[in-house]
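Q: Structure incoming, see below.
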2 protein chains.
Amino acid sequence: MTKIDSRLYELSEVVDKKFSHGEIPSENMVEEIASITSQGGYIGLAQIDPTAGNLEFNAKKIAKYIKYAEKIGLDLVIFPELALMGYPIEDTIDRHPLIVRENIKWLKGLAKITKNTTAIVGFVEPREKDAEGKRFYNSAAILQNGKITGIVRKSLLPTYSEFNDYRYIEPSPVAGIQPAETLGVFSKENILPSNKYLEVNGIKYGISICEDCWNNKEFFEKNLYDRDPIEELKEADVFINCSASPTRAKKEQLKHNMLSFISSKYKKTMIYVNQVGAIDNISFDGSSRVFNYSGELIARAKSFEEQFLIVNLKNAIGKIYPLTRGLEKSLTEQKVFTLEYESDLERTYKTIVQGIRDYFSKCGFKRAVLGLSGGLDSTVCAVLLADALGKENVFGISMPSKLTSKESKSDAEELAHNLGINFTEASIKPMVDTTTACLDQLFKVIETKWDNRYKISFTPDNIQARSRAMFLWGISNEFASCIPIATSDKSELYMGYATINGDMSGGFAPIADVPKTKLFAFARWLNSNREDKNAIPEAVILKKPGAELAIDPKTGKTLNAEDALMPYEFLDEIIWRIENKNESYYDLLQAEFIYEKKNKISKEQKIEWLDKFYRRMSTALYKWSILPPSVIVESRSINKSDYKQPITSSKINYKGVNEEEIENSLL
Amino acid sequence: MTKIDSRLYELSEVVDKKFSHGEIPSENMVEEIASITSQGGYIGLAQIDPTAGNLEFNAKKIAKYIKYAEKIGLDLVIFPELALMGYPIEDTIDRHPLIVRENIKWLKGLAKITKNTTAIVGFVEPREKDAEGKRFYNSAAILQNGKITGIVRKSLLPTYSEFNDYRYIEPSPVAGIQPAETLGVFSKENILPSNKYLEVNGIKYGISICEDCWNNKEFFEKNLYDRDPIEELKEADVFINCSASPTRAKKEQLKHNMLSFISSKYKKTMIYVNQVGAIDNISFDGSSRVFNYSGELIARAKSFEEQFLIVNLKNAIGKIYPLTRGLEKSLTEQKVFTLEYESDLERTYKTIVQGIRDYFSKCGFKRAVLGLSGGLDSTVCAVLLADALGKENVFGISMPSKLTSKESKSDAEELAHNLGINFTEASIKPMVDTTTACLDQLFKVIETKWDNRYKISFTPDNIQARSRAMFLWGISNEFASCIPIATSDKSELYMGYATINGDMSGGFAPIADVPKTKLFAFARWLNSNREDKNAIPEAVILKKPGAELAIDPKTGKTLNAEDALMPYEFLDEIIWRIENKNESYYDLLQAEFIYEKKNKISKEQKIEWLDKFYRRMSTALYKWSILPPSVIVESRSINKSDYKQPITSSKINYKGVNEEEIENSLL
């Protein structure tokens, strides 16, 4: 990199900072940048964080970058997929088509402010009322000299996991650009002869949208679609892909390899512009980038931050910002469960912090209140909330019951002190006593009519958890823009080990997709890697998880969660194997778990745990369906926007039966 | 109909009753039926209620009907779409592919019990691991003489509203039958030359699956797909469609017209076999049927009941059971909002009762507990629960607070008495007092740190609602197989007028898709149409809805809901217009509402209500996302399996802006 290029990136970082604070960079600075970039051959990757459906907010952000790109004389400024609407927008556009008409008005407004710099802006395109197929395209417009000059439409529509494109989007029958006059009237019957490439300063750009570049037949062992829009654009000099690709564990290496493969296979520069920020449960990591014609990375934007990354396309010069640790993790490494979480923890941290911050800010919330039990789950949530919202905006409440140990109380207080968040203690004893007394009376009446009262019940445990939630929701009702936090973790949600209207209830669930064994590693990581070291008391990490809700009649001590469930190391490996390898009951029985390697357990013990797992999971489906909004972190999840299973499928026999049994039972 | 045919249907009803009670019909009866049906030319439409993923349960049910069909010598027995797996099964098959392998084993088991009668059985077909596209087909197998002899695969994949086929199903590239050896290995590269029709006793059957018959280019103004599998099967003598088509308001007439159109257009008999029963939120009405070659209905099974309907295909003779009132309602009538609900109330009733019954039985629940406030919502819920579960399995609890009127208490008790359900009263006063005292103390502490305490808050109202939910969930924790009921209605959910962890919390929400104005009509209908007349006290229907949670400072009386929101007649028309006609803010402003015709209101008043509607709806999205399982009743809903909108889209500007404002704001 030349001295001039170094200076360019130095200045750009100042500009990015100004923009992120809503300020305008100084004229001098912009002029100095322009003196470098206006030579021609420079382009801008506008990695933005849009809000779903908030057209004014998104359009103003886009306009800001278009105007800046004009000022510094870039050839091209490229925005992510559906930048104007935000991705995903889901069924909203179907029920409220007004916002699609509005997005066209804003798009035309954006076109008007373009001059010499060409802008590529993603938007939702309406179709003619009676046109065959869905009502919309997922499109990107070419804006130049005050006008829309062409439209690109998405061909391949991801419809799995967190993606639902085909619910409302019609696939484009062609790759590349169609003329501007097809806006709103395009269909496969009126494909116009056109130059499918964008030509700017003698360079031919082949533009595609997100999934369109994910179907290379050589790269992937299995393809989801028959067409490959990239192959249809192979006469281009440079590929551009406008994307909204979420972060998932171990996805980055696949993405990197694929983009690199495409650029080297076709010997083209490949520009990939990704959305950043979170929309509800889905977190986008940004990390937009450029590969040269031999597949080498020459530029990469930051992860989990808005950025305007300038790249010198003429000389193939850019700056490669480091990836968040965890994003770089290889998917090509052997696919096995591991307790070595270290390498994925920075990504986990940034994914969740971004998820909290964006959910709160986009919904208009500012403050969070949570119960601090002195246990691992609420502790990690408190740290993440403090970092996402600011310590002054977090209130931790210790709500001891008679089962809460002194240690738990002091751990909670110490944590709050270390973090600098607000803290108080409030006893739930009066509520628990009153509720218990009322219920005891009520149960006696009901017993006279119903004979199905449990001998041993979880009612007392649940009264405690629900009394706490009563406090937290009360606070959120009484104090403006404040929401209570559900602190349940993934392992316990899998087992339904969470109280409805209790700890699993809240306005947001930060760690609902983080398994317990990872949370232990995460707590240590937070202690070492945050600016304020060791905020989490060591005792929190060392103690065995247990909800301190009930006494074990056998030991006289509070029941610990692993006794009620099974060892978390074992549980988390089951979850991982099912989610990542779709293993069956028998696959799991035959596999050697890490826990088994470390601890001799009998086959009977393993069967008991596996049976318990499937039994509990089957009846946890209802709880998954009412889970508050949460951040998807792992490669697969039980988040309802990622995974759907009928609650009434709770009688599935996951063990299956053999042919003989089938014949007999059908006789 | 001849005397013989009459006798056939008389006997068949007895057989259906026996089957529905898990009994075996007598040999004599079966022989008498066989003496009629074994002449040839008779077929059976097996309208069954499967449980999602419960293969043994479903297979045994299918086997029962196959064996019966063999015994009485039918040519053919036809089952609904995915009969063996249940529809929908959603992502379950993707995460747990074992159950797909298992369904093949059960399918082969079913094939083995076939002899002379041909069975058509829907199942999930796995594809080869690396095959391009999705991992499964939605298929139907032809079972004859102990073997699978052919496979039909679904081509058109509904992916909208409650349907998500394209998430996990690959569309078939061909219509009609492919040979049995393609099972599990079919792809568009190995389409085998084959007789695409099923031939039985000289009749050529063209078989399709559900959506495959919903794309006729002449019938529909707008088509979703380019192919028409029915057109591809036009050389058949008879069309068969295996279906799982849910009931929605005003859908029946469209379905009837379309099926009739197809049969008359192609001059073929059309056989349509539909699933019955509910899977989670989705209710299927059954009403399987046969049209003759001129489009006339010649047979129709009952609605909302399992049935084995025998039809004489040779002489085109069958029995037409009446539709549930409401199913027959015309969709072709002018699409306008109306308060005349009468004609849809029987359908509404059966849809919800079936929804409750199937959810409870498929999940293994037996009993329900609900709060009886003396208001309309809880009253209607109690009636529906009593009818669905049996009065002895319902417990109504009156939980008065200091704001509860004497009338409300006595209305609740009278209702319970009339219904014969269990009833008791339990005061929430001790809990409310204790909670309020605890919270007051807590709020004072929080105030020292946070300056955002509301001057006027809803905290007291919510404490009441949550205390009640605490009771109900306590009972469900203490008594086996019992769940608490969320009594929120659609109008109030739209407005977020429901308390989180309070009245909107529960294991099931029976009326979450019924608007308030319809509930009034529904209450009257229940009083007139149930065997026990007038179970609902007249006072319940006459009183103005209000949650009795707060005092209106202006009047000193308990706040009524319409004052807090807007008149329900006005609110429900907004909802209907948005859901059914996708109207915008300005469409609504210009439309003349029924409420406006009856009551002079100013334009300012209308604007105030519209603004309030959009403001409240935007912040209700979170509540929709945690809504308990509920029955979809209306033609559109906010049920999360039907409609998805990001919660963070709460800042959408539903009014839009004009071009000038856009230009100015982008300057």
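By convention here, the chains of the structure tokens are called A, B, ... in the order presented, each chain's residues are numbered starting at 1, and ligands are numbered starting at 1 in the order presented.
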Quick one: everything within 8 Å of Leu627 of chain A, counting only C-alpha atoms, minus sequence neighbours fewer than 2 positions away in the same chain. Send it as a ChimeraX atom specification.
A: /A:504-505,509,623-625,629-630,639-640 /B:626
Q: If you count only C-alpha atoms, which residues fall within 10 Å of Arg289 of chain B, apart from same-chain ones fewer than 3 positions away, as a list in words?
A: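 My reading of the contact set: Leu45, Gln47, His256, Leu259, Met270, Ile271, Tyr272, Val273, Asn274, Gly286, Leu297, Ile298, Ala299, Arg300, Ala301, Lys302, Leu309, Val311, Gly318, Lys319, Ile320 and Tyr321 of chain B.
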Q: Using Å and a single decimal, report how far atom CA of Pro171 of chain A sits from atom CA of Glu189 of chain B.
A: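 Between atom CA of Glu189 of chain B and atom CA of Pro171 of chain A the gap is 22.3 Å.
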Q: Excluding Asp130 of chain B and any residue of its chain fewer than 3 positions from it, enumerate the residues within 8 Å of it, using only C-alpha atoms, and give them as a compact mmCIF listing (two decimals) with C-alpha atoms, in the first residue's frame.
A:
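File produced: around_16.txt:
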# COMPACT_ATOMS: atom_id res chain seq x y z
CA GLU A 221 -21.25 -30.69 -3.33
CA LYS A 222 -24.98 -30.11 -3.24
CA ASN A 223 -26.82 -27.34 -5.09
Q: So which residues touch segment 417-423 of chain A within 8 Å, counting only C-alpha atoms, skipping near sequence neighbours fewer than 2 positions away, as a list in words?
A: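 Residues near the query, excluding close chain neighbours: Val383, Ala386, Lys391, Glu392, Asn393, Val394, Phe395, Gly396, Ile397, Ser398, Glu413, Glu414, Leu415, Glu425, Ala535 and Ile536 of chain A; Lys449 of chain B.
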Q: Emit the selected residues as a compact mmCIF listing (two decimals), in the first residue's frame, including all heavy atoms.
A:
# COMPACT_ATOMS: atom_id res chain seq x y z
N VAL A 383 -23.60 -8.62 31.93
CA VAL A 383 -22.40 -8.08 31.29
C VAL A 383 -22.72 -7.62 29.86
O VAL A 383 -22.36 -6.51 29.45
CB VAL A 383 -21.27 -9.14 31.26
CG1 VAL A 383 -20.04 -8.58 30.55
CG2 VAL A 383 -20.92 -9.60 32.67
N ALA A 386 -24.85 -4.47 29.88
CA ALA A 386 -24.07 -3.29 30.25
C ALA A 386 -23.27 -2.79 29.05
O ALA A 386 -23.22 -1.59 28.78
CB ALA A 386 -23.15 -3.62 31.42
N LYS A 391 -23.85 0.98 31.16
CA LYS A 391 -24.12 0.45 32.52
C LYS A 391 -25.22 1.21 33.24
O LYS A 391 -25.99 0.63 34.01
CB LYS A 391 -22.83 0.45 33.35
CG LYS A 391 -22.20 1.83 33.49
CD LYS A 391 -20.79 1.73 34.06
CE LYS A 391 -20.21 3.14 34.20
NZ LYS A 391 -18.82 3.14 34.65
N GLU A 392 -25.36 2.51 32.94
CA GLU A 392 -26.37 3.31 33.64
C GLU A 392 -27.78 2.90 33.22
O GLU A 392 -28.75 3.24 33.89
CB GLU A 392 -26.13 4.81 33.39
CG GLU A 392 -26.35 5.30 31.95
CD GLU A 392 -25.21 4.94 30.99
OE1 GLU A 392 -24.29 4.18 31.40
OE2 GLU A 392 -25.24 5.37 29.83
N ASN A 393 -27.90 2.20 32.13
CA ASN A 393 -29.22 1.80 31.63
C ASN A 393 -29.62 0.39 32.03
O ASN A 393 -30.62 -0.13 31.54
CB ASN A 393 -29.25 1.93 30.10
CG ASN A 393 -29.18 3.38 29.66
OD1 ASN A 393 -29.84 4.22 30.25
ND2 ASN A 393 -28.35 3.66 28.67
N VAL A 394 -28.84 -0.22 32.88
CA VAL A 394 -29.15 -1.58 33.32
C VAL A 394 -29.41 -1.57 34.82
O VAL A 394 -28.68 -0.93 35.58
CB VAL A 394 -27.98 -2.54 32.99
CG1 VAL A 394 -28.32 -3.97 33.43
CG2 VAL A 394 -27.64 -2.48 31.51
N PHE A 395 -30.49 -2.25 35.21
CA PHE A 395 -30.78 -2.39 36.64
C PHE A 395 -30.81 -3.88 36.97
O PHE A 395 -31.60 -4.63 36.42
CB PHE A 395 -32.13 -1.76 36.99
CG PHE A 395 -32.10 -0.93 38.25
CD1 PHE A 395 -32.36 0.44 38.20
CD2 PHE A 395 -31.78 -1.51 39.47
CE1 PHE A 395 -32.30 1.23 39.34
CE2 PHE A 395 -31.72 -0.72 40.62
CZ PHE A 395 -31.98 0.65 40.56
N GLY A 396 -29.93 -4.28 37.86
CA GLY A 396 -29.92 -5.67 38.33
C GLY A 396 -30.62 -5.76 39.66
O GLY A 396 -30.37 -4.95 40.56
N ILE A 397 -31.54 -6.71 39.78
CA ILE A 397 -32.27 -6.86 41.03
C ILE A 397 -31.98 -8.24 41.59
O ILE A 397 -32.22 -9.25 40.92
CB ILE A 397 -33.80 -6.75 40.81
CG1 ILE A 397 -34.16 -5.69 39.77
CG2 ILE A 397 -34.52 -6.55 42.14
CD1 ILE A 397 -34.32 -4.30 40.29
N SER A 398 -31.45 -8.27 42.77
CA SER A 398 -31.30 -9.55 43.47
C SER A 398 -32.61 -9.83 44.18
O SER A 398 -33.10 -9.00 44.94
CB SER A 398 -30.14 -9.45 44.46
OG SER A 398 -30.19 -10.53 45.36
N GLU A 413 -24.28 -9.00 43.99
CA GLU A 413 -23.93 -7.63 44.34
C GLU A 413 -22.53 -7.26 43.85
O GLU A 413 -22.31 -6.17 43.32
CB GLU A 413 -24.02 -7.45 45.87
CG GLU A 413 -23.88 -6.00 46.27
CD GLU A 413 -24.37 -5.75 47.70
OE1 GLU A 413 -24.78 -6.71 48.38
OE2 GLU A 413 -24.35 -4.58 48.11
N GLU A 414 -21.62 -8.19 44.00
CA GLU A 414 -20.25 -7.94 43.55
C GLU A 414 -20.21 -7.72 42.03
O GLU A 414 -19.54 -6.81 41.53
CB GLU A 414 -19.36 -9.13 43.94
CG GLU A 414 -17.87 -8.86 43.73
CD GLU A 414 -17.03 -10.11 44.00
OE1 GLU A 414 -17.46 -10.97 44.78
OE2 GLU A 414 -15.94 -10.19 43.40
N LEU A 415 -20.94 -8.54 41.33
CA LEU A 415 -21.00 -8.39 39.87
C LEU A 415 -21.51 -7.00 39.49
O LEU A 415 -20.91 -6.31 38.66
CB LEU A 415 -21.94 -9.44 39.27
CG LEU A 415 -22.29 -9.22 37.80
CD1 LEU A 415 -21.13 -9.66 36.91
CD2 LEU A 415 -23.57 -9.94 37.41
N GLU A 425 -31.67 -4.96 46.07
CA GLU A 425 -32.17 -6.25 46.47
C GLU A 425 -33.64 -6.10 46.83
O GLU A 425 -34.04 -5.09 47.40
CB GLU A 425 -31.38 -6.74 47.70
CG GLU A 425 -31.57 -8.21 47.96
CD GLU A 425 -30.80 -8.67 49.21
OE1 GLU A 425 -29.56 -8.58 49.21
OE2 GLU A 425 -31.46 -9.12 50.17
N ALA A 535 -14.81 -8.78 35.76
CA ALA A 535 -16.06 -8.27 36.33
C ALA A 535 -16.88 -9.40 36.94
O ALA A 535 -17.63 -9.22 37.90
CB ALA A 535 -16.88 -7.56 35.25
N ILE A 536 -16.75 -10.59 36.38
CA ILE A 536 -17.55 -11.73 36.87
C ILE A 536 -16.81 -12.41 38.01
O ILE A 536 -15.68 -12.89 37.83
CB ILE A 536 -17.82 -12.74 35.73
CG1 ILE A 536 -18.58 -12.04 34.60
CG2 ILE A 536 -18.56 -13.96 36.26
CD1 ILE A 536 -18.80 -12.90 33.38
N LYS B 449 -32.29 6.15 40.98
CA LYS B 449 -31.29 6.00 39.92
C LYS B 449 -31.82 6.38 38.54
O LYS B 449 -31.07 6.82 37.69
CB LYS B 449 -30.79 4.54 39.86
CG LYS B 449 -30.25 3.97 41.16
CD LYS B 449 -28.93 4.60 41.56
CE LYS B 449 -28.39 4.07 42.88
NZ LYS B 449 -27.98 2.66 42.85
Q: Report, in Å with one decimal, the straight-line distance from atom CA of Leu370 of chain B to atom CA of Thr424 of chain B.
A: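 Separation between atom CA of Leu370 of chain B and atom CA of Thr424 of chain B: 10.8 Å.
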Q: What lies within 9 Å of Met617 of chain B using only C-alpha atoms, ignoring chain neighbours under 6 positions off, as a compact mmCIF listing (two decimals) with N, CA and C atoms, in the first residue's frame?
A:
# COMPACT_ATOMS: atom_id res chain seq x y z
N LEU B 493 -55.90 -8.00 20.81
CA LEU B 493 -54.51 -8.34 20.49
C LEU B 493 -53.94 -7.40 19.45
N TYR B 494 -54.77 -7.01 18.48
CA TYR B 494 -54.31 -6.05 17.47
C TYR B 494 -53.84 -4.76 18.12
N MET B 495 -54.54 -4.39 19.19
CA MET B 495 -54.23 -3.13 19.87
C MET B 495 -53.23 -3.32 21.01
N GLY B 496 -52.72 -4.54 21.18
CA GLY B 496 -51.83 -4.79 22.31
C GLY B 496 -52.54 -4.60 23.63
N SER B 650 -41.33 -1.53 13.92
CA SER B 650 -42.36 -0.74 14.61
C SER B 650 -42.34 0.73 14.24
Q: Which value, in Å to one decimal, gives the distance between atom CA of Glu663 of chain B and atom CA of Glu56 of chain A?
A: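 Taking atom CA of Glu663 of chain B and atom CA of Glu56 of chain A, their separation equals 11.1 Å.
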Q: Please provide as JSON, numbers by chain all residues within 9 Å of Leu385 of chain B, with the sequence filter that same-chain residues fewer than 5 positions apart are discarded (counting only C-alpha atoms).
A: {"B": [353, 356, 357, 368, 380, 390, 391, 393, 394, 510]}
Q: Write down as number ranges by chain the residues of segment 31-233 of chain A whose backbone DSSP state falls under alpha helix (DSSP H).
A: A: 31-37, 55-71, 92-95, 98-113
Q: Next, the residues of the selection above should be written as a tab-separated table (two decimals), in the first residue's frame with N, CA and C atoms.
A:
chain	number	residue	atom	x	y	z
A	31	GLU	N	-12.11	17.10	1.12
A	31	GLU	CA	-11.33	17.53	-0.04
A	31	GLU	C	-10.04	16.75	-0.18
A	32	GLU	N	-9.41	16.48	0.95
A	32	GLU	CA	-8.17	15.72	0.87
A	32	GLU	C	-8.43	14.29	0.35
A	33	ILE	N	-9.53	13.71	0.83
A	33	ILE	CA	-9.89	12.38	0.33
A	33	ILE	C	-10.19	12.45	-1.17
A	34	ALA	N	-10.96	13.46	-1.54
A	34	ALA	CA	-11.32	13.61	-2.96
A	34	ALA	C	-10.09	13.76	-3.84
A	35	SER	N	-9.07	14.41	-3.30
A	35	SER	CA	-7.84	14.61	-4.10
A	35	SER	C	-7.22	13.27	-4.47
A	36	ILE	N	-7.48	12.27	-3.65
A	36	ILE	CA	-6.97	10.92	-3.96
A	36	ILE	C	-7.96	10.16	-4.84
A	37	THR	N	-9.23	10.17	-4.41
A	37	THR	CA	-10.20	9.24	-5.01
A	37	THR	C	-10.83	9.73	-6.30
A	55	LEU	N	-38.39	3.57	5.98
A	55	LEU	CA	-37.86	4.06	4.69
A	55	LEU	C	-37.14	5.39	4.84
A	56	GLU	N	-37.68	6.28	5.61
A	56	GLU	CA	-37.06	7.59	5.74
A	56	GLU	C	-35.67	7.46	6.37
A	57	PHE	N	-35.61	6.68	7.43
A	57	PHE	CA	-34.35	6.45	8.12
A	57	PHE	C	-33.32	5.83	7.17
A	58	ASN	N	-33.74	4.80	6.44
A	58	ASN	CA	-32.81	4.12	5.54
A	58	ASN	C	-32.41	5.00	4.36
A	59	ALA	N	-33.39	5.71	3.82
A	59	ALA	CA	-33.11	6.54	2.63
A	59	ALA	C	-32.15	7.67	2.98
A	60	LYS	N	-32.33	8.24	4.14
A	60	LYS	CA	-31.44	9.34	4.54
A	60	LYS	C	-30.01	8.82	4.71
A	61	LYS	N	-29.91	7.65	5.26
A	61	LYS	CA	-28.58	7.03	5.42
A	61	LYS	C	-27.95	6.79	4.04
A	62	ILE	N	-28.74	6.24	3.14
A	62	ILE	CA	-28.24	5.97	1.78
A	62	ILE	C	-27.86	7.29	1.10
A	63	ALA	N	-28.72	8.29	1.26
A	63	ALA	CA	-28.45	9.59	0.63
A	63	ALA	C	-27.14	10.19	1.13
A	64	LYS	N	-26.92	10.04	2.42
A	64	LYS	CA	-25.69	10.57	3.02
A	64	LYS	C	-24.46	9.99	2.32
A	65	TYR	N	-24.49	8.69	2.08
A	65	TYR	CA	-23.34	8.04	1.45
A	65	TYR	C	-23.25	8.34	-0.04
A	66	ILE	N	-24.42	8.47	-0.68
A	66	ILE	CA	-24.37	8.82	-2.11
A	66	ILE	C	-23.74	10.20	-2.27
A	67	LYS	N	-24.18	11.14	-1.42
A	67	LYS	CA	-23.65	12.51	-1.54
A	67	LYS	C	-22.15	12.56	-1.24
A	68	TYR	N	-21.77	11.78	-0.26
A	68	TYR	CA	-20.34	11.72	0.07
A	68	TYR	C	-19.55	11.12	-1.10
A	69	ALA	N	-20.08	10.05	-1.68
A	69	ALA	CA	-19.40	9.41	-2.81
A	69	ALA	C	-19.27	10.37	-3.99
A	70	GLU	N	-20.33	11.16	-4.22
A	70	GLU	CA	-20.28	12.18	-5.28
A	70	GLU	C	-19.16	13.18	-4.99
A	71	LYS	N	-19.14	13.63	-3.74
A	71	LYS	CA	-18.18	14.66	-3.35
A	71	LYS	C	-16.75	14.21	-3.57
A	92	THR	N	-44.68	-8.36	5.80
A	92	THR	CA	-45.14	-6.98	5.96
A	92	THR	C	-45.54	-6.36	4.62
A	93	ILE	N	-44.74	-6.60	3.59
A	93	ILE	CA	-45.01	-5.96	2.29
A	93	ILE	C	-46.27	-6.51	1.63
A	94	ASP	N	-46.63	-7.71	2.01
A	94	ASP	CA	-47.80	-8.34	1.43
A	94	ASP	C	-49.07	-7.73	2.07
A	95	ARG	N	-49.04	-7.56	3.37
A	95	ARG	CA	-50.22	-7.01	4.07
A	95	ARG	C	-50.31	-5.50	3.92
A	98	LEU	N	-48.63	-0.49	0.74
A	98	LEU	CA	-48.30	0.94	0.71
A	98	LEU	C	-46.80	1.15	0.87
A	99	ILE	N	-46.18	0.38	1.74
A	99	ILE	CA	-44.76	0.65	2.00
A	99	ILE	C	-43.88	0.28	0.80
A	100	VAL	N	-44.41	-0.57	-0.06
A	100	VAL	CA	-43.66	-0.86	-1.30
A	100	VAL	C	-43.80	0.32	-2.27
A	101	ARG	N	-45.00	0.83	-2.37
A	101	ARG	CA	-45.17	2.03	-3.22
A	101	ARG	C	-44.31	3.17	-2.67
A	102	GLU	N	-44.29	3.29	-1.36
A	102	GLU	CA	-43.48	4.34	-0.75
A	102	GLU	C	-41.99	4.14	-1.05
A	103	ASN	N	-41.55	2.90	-1.03
A	103	ASN	CA	-40.12	2.66	-1.27
A	103	ASN	C	-39.72	3.02	-2.70
A	104	ILE	N	-40.69	2.95	-3.61
A	104	ILE	CA	-40.40	3.39	-4.99
A	104	ILE	C	-40.25	4.92	-5.01
A	105	LYS	N	-41.10	5.60	-4.27
A	105	LYS	CA	-40.98	7.06	-4.21
A	105	LYS	C	-39.61	7.47	-3.64
A	106	TRP	N	-39.22	6.82	-2.58
A	106	TRP	CA	-37.91	7.13	-1.98
A	106	TRP	C	-36.78	6.77	-2.94
A	107	LEU	N	-36.95	5.67	-3.66
A	107	LEU	CA	-35.90	5.27	-4.62
A	107	LEU	C	-35.73	6.34	-5.69
A	108	LYS	N	-36.87	6.83	-6.18
A	108	LYS	CA	-36.81	7.90	-7.19
A	108	LYS	C	-36.18	9.16	-6.61
A	109	GLY	N	-36.49	9.43	-5.35
A	109	GLY	CA	-35.86	10.56	-4.67
A	109	GLY	C	-34.34	10.38	-4.60
A	110	LEU	N	-33.92	9.18	-4.31
A	110	LEU	CA	-32.47	8.91	-4.25
A	110	LEU	C	-31.84	9.06	-5.63
A	111	ALA	N	-32.55	8.59	-6.66
A	111	ALA	CA	-32.02	8.71	-8.02
A	111	ALA	C	-31.72	10.18	-8.34
A	112	LYS	N	-32.65	11.03	-7.91
A	112	LYS	CA	-32.51	12.46	-8.24
A	112	LYS	C	-31.24	13.08	-7.68
A	113	ILE	N	-30.74	12.58	-6.57
A	113	ILE	CA	-29.54	13.21	-6.00
A	113	ILE	C	-28.24	12.65	-6.59
Q: Mind checking which residues fall within 9 Å of Ile282 of chain A, counting only C-alpha atoms, ignoring those fewer than 3 positions away in the same chain, and posting them as a PyMOL selection string?
A: chain A and resi 88+162+246-247+277-279+355+630-633+641
Q: With only C-alpha atoms as the atoms that count, which of A:Thr648, A:Asn195, A:Thr338, A:Ser528 lies nearest to chain B?
A: A:Thr648
Q: With only C-alpha atoms as the atoms that count, which of A:Lys335, A:Arg616, A:Arg453, A:Arg347 lies nearest to Ala249 of chain A?
A: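 Between A:Lys335, A:Arg616, A:Arg453, A:Arg347, the residue approaching Ala249 of chain A most closely is A:Arg347.
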Q: With distances taken over only C-alpha atoms, which residue among B:Asn315, B:Ser618, B:Asn216, B:Thr159 lies nearest chain A?
A: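 For chain A, the nearest of the given residues is B:Thr159.
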Q: Step one, run DSSP on the backbone; step two, keep only residues of segment 237-367 of chain B assigned to strand (DSSP E or B); then write them as an NGL selection string.
A: :B and (238-243 or 246 or 269-274 or 276-279 or 282-286 or 289-291 or 297-300 or 303 or 307-312 or 317 or 320 or 367)
